[in-house]
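One file, coords31.txt, is given below (compact mmCIF, C-alpha atoms and all ligand atoms).
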# COMPACT_ATOMS: atom_id res chain seq x y z
CA MET A 256 0.00 0.00 0.00
CA GLY A 257 1.27 3.46 -0.80
CA ILE A 258 0.26 7.10 -1.01
CA ILE A 259 1.04 9.24 -4.03
CA PHE A 260 1.06 13.04 -3.77
CA ILE A 261 0.21 14.71 -7.08
CA ALA A 262 -0.03 18.43 -6.44
CA GLY A 263 2.69 20.20 -8.41
CA GLU A 264 2.17 23.73 -7.06
CA ILE A 265 1.94 22.67 -3.42
CA ASP A 266 4.83 21.99 -1.04
CA ALA A 267 4.80 18.21 -0.54
CA ASP A 268 7.13 18.36 2.48
CA VAL A 269 4.65 20.40 4.49
CA TRP A 270 1.86 17.86 3.85
CA ARG A 271 4.20 14.90 4.43
CA ASP A 272 5.13 16.29 7.87
CA VAL A 273 1.61 17.00 9.06
CA LEU A 274 0.27 13.68 7.78
CA ALA A 275 3.19 11.74 9.28
CA ALA A 276 2.36 13.29 12.65
CA GLU A 277 -1.28 12.17 12.34
CA LEU A 278 -0.50 8.69 10.95
CA PRO A 279 2.42 7.24 12.95
CA GLU A 280 1.51 3.72 11.73
CA ILE A 281 2.56 4.67 8.15
CA ASP A 282 6.23 4.83 7.14
CA PHE A 283 6.37 8.06 5.14
CA ASP A 284 10.00 7.39 4.11
CA THR A 285 9.08 4.26 2.16
CA ASP A 286 5.34 4.50 1.42
CA PHE A 287 4.83 8.15 0.40
CA TYR A 288 5.69 9.15 -3.17
CA VAL A 289 5.77 12.62 -4.66
CA TRP A 290 4.78 12.61 -8.33
CA PRO A 291 6.44 11.95 -10.75
CA ASP A 292 8.25 9.55 -8.39
CA ARG A 293 6.27 6.30 -7.97
CA PRO A 294 6.78 2.71 -6.85
CA THR A 295 8.14 0.13 -9.31
CA ASP A 296 4.67 -1.44 -9.32
CA PRO A 297 2.10 1.41 -9.71
CA GLY A 298 -0.49 -1.09 -8.46
CA ASP A 299 0.96 -0.58 -4.95
CA ILE A 300 -0.61 2.88 -4.73
CA ASP A 301 -4.00 2.81 -3.00
CA ILE A 302 -4.40 6.49 -2.11
CA ALA A 303 -3.78 9.62 -4.18
CA LEU A 304 -3.60 13.07 -2.56
CA VAL A 305 -4.12 15.56 -5.34
CA TRP A 306 -4.52 19.18 -6.31
CA ARG A 307 -5.07 19.88 -10.02
CA PRO A 308 -3.41 16.62 -11.11
CA PRO A 309 -2.20 16.42 -14.72
CA GLU A 310 -4.60 14.69 -17.13
CA ASN A 311 -4.21 10.90 -17.26
CA ALA A 312 -2.13 10.81 -14.07
CA LEU A 313 -4.72 9.01 -11.93
CA SER A 314 -5.46 6.34 -14.51
CA GLU A 315 -1.88 5.09 -14.06
CA PHE A 316 -2.67 3.51 -10.68
CA PRO A 317 -4.90 0.42 -11.05
CA GLY A 318 -5.04 -0.26 -7.29
CA LEU A 319 -6.47 3.13 -6.26
CA ALA A 320 -9.04 2.87 -3.46
CA CYS A 321 -9.56 6.62 -3.05
CA VAL A 322 -8.56 10.00 -4.43
CA ILE A 323 -8.39 12.78 -1.82
CA ASN A 324 -8.50 16.35 -3.13
CA LEU A 325 -6.49 18.92 -1.18
CA GLY A 326 -9.06 21.60 -1.97
CA ALA A 327 -12.84 21.99 -2.03
CA GLY A 328 -13.38 22.31 -5.78
CA VAL A 329 -13.00 19.13 -7.83
CA ASP A 330 -13.64 20.64 -11.29
CA SER A 331 -10.05 20.16 -12.47
CA ILE A 332 -10.22 16.46 -11.56
CA LEU A 333 -13.62 15.74 -13.10
CA ASN A 334 -12.72 17.60 -16.30
CA ASP A 335 -10.25 14.78 -16.93
CA GLU A 336 -12.21 12.19 -18.88
CA THR A 337 -9.74 9.50 -17.84
CA TYR A 338 -10.69 9.84 -14.15
CA PRO A 339 -11.30 6.24 -12.95
CA ARG A 340 -14.98 6.64 -12.12
CA HIS A 341 -15.17 3.58 -9.85
CA VAL A 342 -12.76 5.27 -7.40
CA PRO A 343 -14.36 7.41 -4.65
CA LEU A 344 -13.35 11.07 -4.78
CA VAL A 345 -13.14 12.98 -1.50
CA ARG A 346 -13.10 16.78 -1.35
CA MET A 347 -11.80 19.09 1.36
CA ILE A 348 -14.17 20.02 4.13
CA ASP A 349 -12.24 21.72 6.88
CA PRO A 350 -13.29 24.29 9.49
CA ALA A 351 -10.24 26.47 8.73
CA LEU A 352 -11.04 26.50 5.00
CA THR A 353 -14.61 27.53 5.79
CA ARG A 354 -13.57 30.16 8.34
CA HIS A 355 -11.10 31.77 5.97
CA MET A 356 -13.60 31.90 3.11
CA THR A 357 -16.14 33.52 5.40
CA GLU A 358 -13.53 36.14 6.37
CA PHE A 359 -12.92 36.89 2.69
CA VAL A 360 -16.61 37.22 1.91
CA ILE A 361 -17.32 39.42 4.95
CA GLN A 362 -14.38 41.68 4.10
CA ARG A 363 -15.52 42.13 0.50
CA VAL A 364 -19.20 42.61 1.39
CA LEU A 365 -18.33 45.22 4.03
CA THR A 366 -15.94 46.99 1.65
CA PHE A 367 -18.72 47.44 -0.92
CA HIS A 368 -21.48 48.11 1.61
CA ARG A 369 -19.47 50.85 3.39
CA LYS A 370 -17.69 51.96 0.16
CA PHE A 371 -14.28 51.60 1.81
CA HIS A 372 -12.74 51.08 -1.65
CA VAL A 373 -13.99 54.54 -2.65
CA TYR A 374 -12.66 56.11 0.57
CA ASP A 375 -9.27 54.52 -0.27
CA SER A 376 -9.29 56.42 -3.55
CA PHE A 377 -10.31 59.65 -1.72
CA GLN A 378 -7.29 59.24 0.57
CA ARG A 379 -4.97 58.85 -2.41
CA ASN A 380 -6.27 62.26 -3.64
CA HIS A 381 -6.14 63.89 -0.15
CA ASP A 382 -9.88 64.34 -0.51
CA TRP A 383 -11.88 64.78 2.74
CA LYS A 384 -15.35 63.79 1.62
CA GLU A 385 -18.22 61.80 3.03
CA MET A 386 -20.81 59.69 1.25
CA ARG A 387 -24.31 58.64 2.24
CA GLN A 388 -24.22 55.64 4.58
CA GLU A 389 -26.82 52.94 3.91
CA ASP A 390 -28.17 50.75 6.68
CA THR A 391 -27.05 47.13 6.88
CA LEU A 392 -30.61 45.97 7.49
CA THR A 393 -31.64 47.15 4.03
CA LYS A 394 -28.63 45.74 2.17
CA ARG A 395 -29.59 42.52 0.37
CA VAL A 396 -26.77 40.00 -0.01
CA GLY A 397 -27.36 36.94 -2.19
CA ILE A 398 -25.13 33.89 -2.04
CA LEU A 399 -24.96 31.52 -5.01
CA GLY A 400 -24.34 28.11 -3.43
CA LEU A 401 -25.31 27.30 0.14
CA GLY A 402 -22.90 24.41 0.69
CA GLU A 403 -20.09 24.14 3.24
CA LEU A 404 -18.75 27.59 2.40
CA GLY A 405 -21.83 29.50 1.28
CA SER A 406 -23.95 28.50 4.26
CA ASP A 407 -21.32 29.63 6.78
CA ALA A 408 -20.82 32.99 5.04
CA ALA A 409 -24.62 33.42 4.86
CA ARG A 410 -25.03 32.71 8.56
CA VAL A 411 -22.35 35.20 9.60
CA LEU A 412 -23.62 37.92 7.24
CA ALA A 413 -27.12 37.46 8.63
CA SER A 414 -25.79 37.65 12.18
CA ILE A 415 -24.33 41.11 11.54
CA GLY A 416 -27.59 42.43 10.14
CA PHE A 417 -27.55 41.96 6.35
CA ASP A 418 -30.71 40.83 4.59
CA VAL A 419 -29.35 37.50 3.31
CA ALA A 420 -30.67 34.96 0.81
CA GLY A 421 -29.02 32.00 -0.86
CA TRP A 422 -29.63 29.97 -3.99
CA SER A 423 -29.01 26.23 -4.17
CA ARG A 424 -30.42 23.17 -5.92
CA ARG A 425 -32.27 21.95 -2.85
CA GLU A 426 -34.14 23.94 -0.21
CA LYS A 427 -32.12 24.98 2.88
CA THR A 428 -33.12 25.95 6.38
CA ILE A 429 -30.60 28.42 7.82
CA ASP A 430 -31.59 30.86 10.56
CA GLY A 431 -32.07 34.35 9.14
CA VAL A 432 -31.36 33.29 5.55
CA GLN A 433 -34.03 33.12 2.85
CA SER A 434 -33.71 29.98 0.74
CA PHE A 435 -34.23 30.18 -3.04
CA PHE A 436 -33.80 26.86 -4.80
CA GLY A 437 -33.98 25.43 -8.29
CA GLU A 438 -33.87 27.13 -11.67
CA ASP A 439 -37.25 28.85 -11.37
CA ALA A 440 -36.07 30.71 -8.27
CA PHE A 441 -32.97 32.12 -9.97
CA THR A 442 -34.59 35.23 -11.49
CA PRO A 443 -36.39 36.33 -8.29
CA PHE A 444 -33.20 35.65 -6.33
CA LEU A 445 -31.15 37.90 -8.63
CA GLY A 446 -33.83 40.61 -8.59
CA ARG A 447 -33.56 41.00 -4.80
CA THR A 448 -29.74 40.95 -4.61
CA ASP A 449 -27.63 44.10 -4.12
CA ILE A 450 -24.38 42.21 -3.45
CA LEU A 451 -24.02 38.85 -5.22
CA VAL A 452 -21.48 36.35 -3.88
CA CYS A 453 -20.61 33.30 -5.99
CA LEU A 454 -19.68 30.19 -4.01
CA LEU A 455 -20.90 27.55 -6.45
CA PRO A 456 -18.91 24.56 -7.63
CA LEU A 457 -17.91 24.72 -11.30
CA THR A 458 -20.04 22.17 -13.17
CA GLU A 459 -21.68 21.98 -16.58
CA ALA A 460 -24.76 23.60 -15.00
CA THR A 461 -22.91 26.54 -13.45
CA ARG A 462 -20.22 27.35 -16.05
CA GLY A 463 -20.70 30.91 -17.32
CA ILE A 464 -23.54 31.57 -14.87
CA LEU A 465 -22.36 35.17 -14.36
CA ASN A 466 -23.15 36.40 -17.88
CA ALA A 467 -24.80 39.39 -19.59
CA ASP A 468 -28.30 37.98 -19.10
CA THR A 469 -27.96 37.07 -15.41
CA LEU A 470 -26.02 40.23 -14.51
CA SER A 471 -28.75 42.34 -16.16
CA GLN A 472 -31.26 40.81 -13.74
CA LEU A 473 -29.43 42.28 -10.74
CA PRO A 474 -30.67 45.71 -9.60
CA GLU A 475 -28.86 48.77 -10.99
CA GLY A 476 -25.77 49.50 -8.89
CA ALA A 477 -25.27 45.92 -7.68
CA TYR A 478 -21.91 44.41 -6.79
CA VAL A 479 -20.51 40.96 -7.68
CA ILE A 480 -18.04 38.95 -5.61
CA ASN A 481 -16.68 35.77 -7.18
CA ALA A 482 -14.63 33.55 -4.88
CA ALA A 483 -15.52 30.25 -6.57
CA ARG A 484 -14.07 29.64 -10.04
CA GLY A 485 -13.18 31.87 -12.98
CA GLY A 486 -15.26 29.60 -15.22
CA HIS A 487 -18.39 30.97 -13.56
CA GLN A 488 -17.87 34.43 -15.03
CA VAL A 489 -18.00 35.56 -18.65
CA GLU A 490 -15.33 38.20 -18.19
CA ALA A 491 -16.26 40.33 -21.22
CA ASP A 492 -19.90 40.47 -19.99
CA LEU A 493 -18.81 41.41 -16.49
CA LEU A 494 -16.59 44.23 -17.75
CA ALA A 495 -19.37 45.48 -20.04
CA ALA A 496 -21.83 45.56 -17.11
CA LEU A 497 -19.29 47.52 -15.04
CA ASP A 498 -18.54 49.93 -17.88
CA SER A 499 -22.21 50.60 -18.58
CA GLY A 500 -22.70 51.49 -14.89
CA HIS A 501 -25.19 48.68 -14.34
CA LEU A 502 -22.76 47.11 -11.87
CA ALA A 503 -21.08 49.37 -9.30
CA GLY A 504 -18.14 47.05 -8.64
CA ALA A 505 -16.74 43.55 -8.56
CA ALA A 506 -14.32 41.66 -6.34
CA LEU A 507 -12.75 38.79 -8.23
CA ASP A 508 -10.52 36.16 -6.66
CA VAL A 509 -10.69 33.71 -9.57
CA PHE A 510 -10.29 34.06 -13.32
CA ASN A 511 -10.73 32.12 -16.54
CA GLU A 512 -6.96 32.17 -16.96
CA GLU A 513 -4.79 31.96 -13.83
CA PRO A 514 -2.43 33.64 -13.20
CA LEU A 515 -4.43 36.56 -14.60
CA PRO A 516 -2.35 37.66 -17.63
CA ALA A 517 -0.48 40.94 -17.10
CA SER A 518 -2.21 42.30 -20.21
CA SER A 519 -5.75 41.67 -18.88
CA PRO A 520 -7.87 44.85 -18.62
CA ILE A 521 -9.24 43.46 -15.36
CA TRP A 522 -6.04 44.41 -13.49
CA ASP A 523 -6.50 48.14 -13.99
CA HIS A 524 -10.27 48.36 -14.07
CA PRO A 525 -11.23 51.10 -11.59
CA LYS A 526 -14.26 49.17 -10.37
CA VAL A 527 -12.59 45.77 -9.86
CA LEU A 528 -10.78 44.49 -6.79
CA VAL A 529 -8.42 41.64 -7.73
CA THR A 530 -6.92 38.95 -5.51
CA PRO A 531 -4.85 36.00 -6.78
CA HIS A 532 -7.08 33.01 -5.88
CA ILE A 533 -6.39 33.34 -2.16
CA ALA A 534 -9.91 33.68 -0.78
CA SER A 535 -9.29 30.57 1.29
CA LEU A 536 -6.16 28.45 1.08
CA SER A 537 -6.13 24.90 2.44
CA SER A 538 -4.45 24.74 5.85
CA PRO A 539 -2.40 21.52 6.08
CA GLY A 540 -2.23 21.58 9.88
CA SER A 541 -5.98 21.68 10.22
CA ALA A 542 -6.88 19.50 7.22
CA ALA A 543 -4.45 16.66 8.05
CA ARG A 544 -6.65 15.31 10.85
CA GLU A 545 -9.64 14.80 8.56
CA ILE A 546 -7.50 13.35 5.77
CA ALA A 547 -5.80 10.95 8.19
CA ALA A 548 -9.18 9.77 9.47
CA ASN A 549 -10.26 9.07 5.90
CA ILE A 550 -7.03 7.21 5.09
CA ARG A 551 -7.68 4.98 8.11
CA ARG A 552 -11.30 4.40 7.04
CA ILE A 553 -10.26 3.47 3.51
CA ARG A 554 -7.60 1.07 4.69
CA LYS A 555 -10.13 -0.63 6.97
CA GLY A 556 -12.39 -1.08 3.93
CA GLU A 557 -14.87 1.55 5.15
CA GLU A 558 -16.46 4.35 3.11
CA PRO A 559 -14.60 7.67 3.30
CA THR A 560 -16.53 10.76 4.38
CA ASP A 561 -16.89 14.00 2.35
CA GLN A 562 -17.33 12.18 -0.95
CA VAL A 563 -18.15 14.00 -4.15
CA SER A 564 -21.08 12.86 -6.29
CA LEU A 565 -19.45 12.09 -9.60
CA ASP A 566 -22.83 12.50 -11.31
CA ALA A 567 -23.56 15.94 -9.82
CA GLY A 568 -19.92 17.01 -10.32
CA TYR A 569 -19.50 18.41 -6.79
P1 LIG B 601 -20.37 22.49 -1.68
O1 LIG B 601 -20.35 21.33 -2.61
O2 LIG B 601 -20.40 22.21 -0.21
O3 LIG B 601 -21.65 23.42 -1.99
C1 LIG B 601 -22.05 23.71 -3.28
C2 LIG B 601 -23.38 24.48 -3.23
O4 LIG B 601 -23.70 24.87 -4.57
C3 LIG B 601 -24.53 23.64 -2.72
O5 LIG B 601 -25.38 24.42 -1.92
C4 LIG B 601 -25.26 23.24 -4.01
O6 LIG B 601 -26.66 23.04 -3.86
C5 LIG B 601 -25.04 24.47 -4.85
N1 LIG B 601 -25.17 24.14 -6.28
C6 LIG B 601 -24.43 23.30 -7.02
N2 LIG B 601 -24.88 23.25 -8.29
C7 LIG B 601 -25.95 24.09 -8.34
C8 LIG B 601 -26.85 24.46 -9.36
N3 LIG B 601 -26.76 23.97 -10.60
N4 LIG B 601 -27.84 25.32 -9.05
C9 LIG B 601 -27.96 25.82 -7.80
N5 LIG B 601 -27.13 25.51 -6.77
C10 LIG B 601 -26.13 24.64 -7.05
O7 LIG B 601 -19.13 23.38 -2.08
P2 LIG B 601 -18.27 24.33 -1.11
O8 LIG B 601 -19.18 25.28 -0.45
O9 LIG B 601 -17.37 23.53 -0.25
O10 LIG B 601 -17.34 25.08 -2.17
C11 LIG B 601 -17.86 25.84 -3.25
C12 LIG B 601 -16.77 26.17 -4.25
O11 LIG B 601 -15.91 27.18 -3.74
C13 LIG B 601 -15.79 25.04 -4.56
O12 LIG B 601 -16.36 24.14 -5.52
C14 LIG B 601 -14.60 25.77 -5.11
O13 LIG B 601 -14.67 25.88 -6.52
C15 LIG B 601 -14.70 27.16 -4.50
N6 LIG B 601 -13.56 27.44 -3.60
C16 LIG B 601 -12.76 28.53 -3.88
C17 LIG B 601 -11.72 28.85 -3.04
C18 LIG B 601 -10.87 30.06 -3.29
O14 LIG B 601 -9.87 30.26 -2.61
N7 LIG B 601 -11.23 30.92 -4.22
C19 LIG B 601 -11.41 28.06 -1.84
C20 LIG B 601 -12.33 26.96 -1.62
C21 LIG B 601 -13.36 26.68 -2.49
P3 LIG B 601 -27.25 21.84 -2.94
O15 LIG B 601 -26.83 22.20 -1.52
O16 LIG B 601 -28.69 21.94 -3.15
O17 LIG B 601 -26.58 20.60 -3.41
C1 LIG B 602 -10.37 25.10 -3.48
C2 LIG B 602 -9.57 26.27 -3.88
O1 LIG B 602 -11.19 24.64 -4.28
O2 LIG B 602 -8.64 26.64 -3.12
O3 LIG B 602 -10.18 24.61 -2.34
O4 LIG B 602 -9.83 26.87 -4.92
Represent the structure contained in this file as structure tokens.
Amino acid sequence: MGIIFIAGEIDADVWRDVLAAELPEIDFDTDFYVWPDRPTDPGDIDIALVWRPPENALSEFPGLACVINLGAGVDSILNDETYPRHVPLVRMIDPALTRHMTEFVIQRVLTFHRKFHVYDSFQRNHDWKEMRQEDTLTKRVGILGLGELGSDAARVLASIGFDVAGWSRREKTIDGVQSFFGEDAFTPFLGRTDILVCLLPLTEATRGILNADTLSQLPEGAYVINAARGGHQVEADLLAALDSGHLAGAALDVFNEEPLPASSPIWDHPKVLVTPHIASLSSPGSAAREIAANIRRIRKGEEPTDQVSLDAGY
């Protein structure tokens, strides 16, 4: 039995250390491989820890019992048609990941609600000026996706006074949060949303969901925050809605092409706040406990928790 780590951009040593501390029964010197290193017999690998693995990589290991993703979104894995569909896929659910995403969303919502980004520009011009202050209770935040991340952000936003709703496939019951669900509820949800936050998984159903048609259904002067995937936004439509004045601003953490090319007009757009896909980074120290528990379950022949539905794509 062996573990293969296929996560090019991530420091394997950090994960090896935290997992070794949680799993003293495993010899990480002999049974942990960092791609492209692998055992002589690839059939010895039963667990793959991955983040954006290269296409075809997972199909090389015929003995895989589970693939564990080191992030929440599994779109890059399921886009690979060679993914061995009989192998359970586990995604990251971790309190630190959730907490950090909620911090990001709260910061961006408050920035737009209180217009702190505009006051920043006043300071740069030595301009002492005040703007009308709107009340939190009247500010309608709408969260696309009420899963692990969206539901926590919704709860915290509601607890500080925002008028919060969320949109998901199935109905949700969250204190202080209005639940819109299913396709028919999408238009009314958009129509009541002043600040739209995207926390959907990227699937065939959600790709390009932030487009000219949907953005036009937001009220004049709305804001968009996308902390999910660049594939959710049609970037030309978003820029057009900002330029026409229909949207007042956008905070984008994710892009169709990452890193965002230096030549992209998004970088310098006066109404866009850009961050480099850092809304919430996986925290090895916190995530290792959950991953270790799943590795133990798998090796005892039990079902791992936090599995993705390969049919739903999330
Ligand atoms: P979950 O799978 O827990 O939740 C997904 C939510 O989206 C669910 O509420 C689901 O509805 C809803 N949903 C899915 N498809 C549709 C649809 N077609 N129509 C309406 N609602 C839909 O995901 P997480 O909350 O854990 O994560 C969300 C995404 O955030 C990840 O997939 C990832 O891409 C992104 N992410 C980005 C990070 C960053 O740093 N920028 C960090 C971490 C995650 P239902 O509940 O009814 O199933
Ligand atoms: C994730 C991410 O999906 O960091 O976890 O984007």
What separation in Å, quoted to one decimal, exists between CA of Val364 in chain A and CA of Leu493 in chain A?
->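 Computing it gives 17.9 Å between the two atoms.
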Shell around Arg424 in chain A at 12 Å using all atoms listed in the file, local window under 4 positions removed, as a list in words | Leu399, Gly400, Leu401, Gly402, Ser434, Phe435, Phe436, Gly437, Glu438, Asp439, Ala440, Phe441, Leu455, Pro456, Ala460, Thr461, Ala567 and Tyr569 of chain A
Exercise on ligand LIG 601 (chain B), axis-aligned box with 6 Å per side, report centre and edge lengths in Å to one decimal, as JSON:
{"center_x": -19.3, "center_y": 25.8, "center_z": -5.4, "size_x": 30.8, "size_y": 22.3, "size_z": 22.4}
Distance atom O12 of ligand LIG 601 (chain B)-CA of Val489 in chain A, one decimal place?
-> 17.5 Å
Site check for ligand LIG 601 (chain B): residues at most 8 Å away, all atoms listed in the file, as a ChimeraX atom specification | /A:326-330,347-348,352-353,356,399-406,422-427,436-438,454-458,460-461,481-484,508-509,532-537,563,567,569
Between A:Ile332, A:Leu515, A:Val527, A:Cys453, which is the closest to Ala312 in chain A once you count all atoms listed in the file?
->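 Using all atoms listed in the file, Ala312 in chain A sits closest to A:Ile332.
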Find the residues near Val432 in chain A: any atom within 8 Å, counting all atoms listed in the file, skip ones fewer than 4 places away on the same chain, and give them as a tab-separated table (two decimals) with C-alpha atoms, keeping the file's coordinate frame.
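The result, stored in part08.tsv:
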chain	number	residue	atom	x	y	z
A	409	ALA	CA	-24.62	33.42	4.86
A	410	ARG	CA	-25.03	32.71	8.56
A	413	ALA	CA	-27.12	37.46	8.63
A	418	ASP	CA	-30.71	40.83	4.59
A	419	VAL	CA	-29.35	37.50	3.31
A	420	ALA	CA	-30.67	34.96	0.81
A	421	GLY	CA	-29.02	32.00	-0.86
A	428	THR	CA	-33.12	25.95	6.38
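Shortest separation to Glu385 in chain A among A:Trp290, A:Lys370, A:Leu274, A:Ile398 occurs at residue A:Lys370, atoms counted being only C-alpha atoms.
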Between CA of Ile300 in chain A and CA of Gly257 in chain A, measure the distance and give it in Å to one decimal.
->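 Between CA of Ile300 in chain A and CA of Gly257 in chain A the gap is 4.4 Å.
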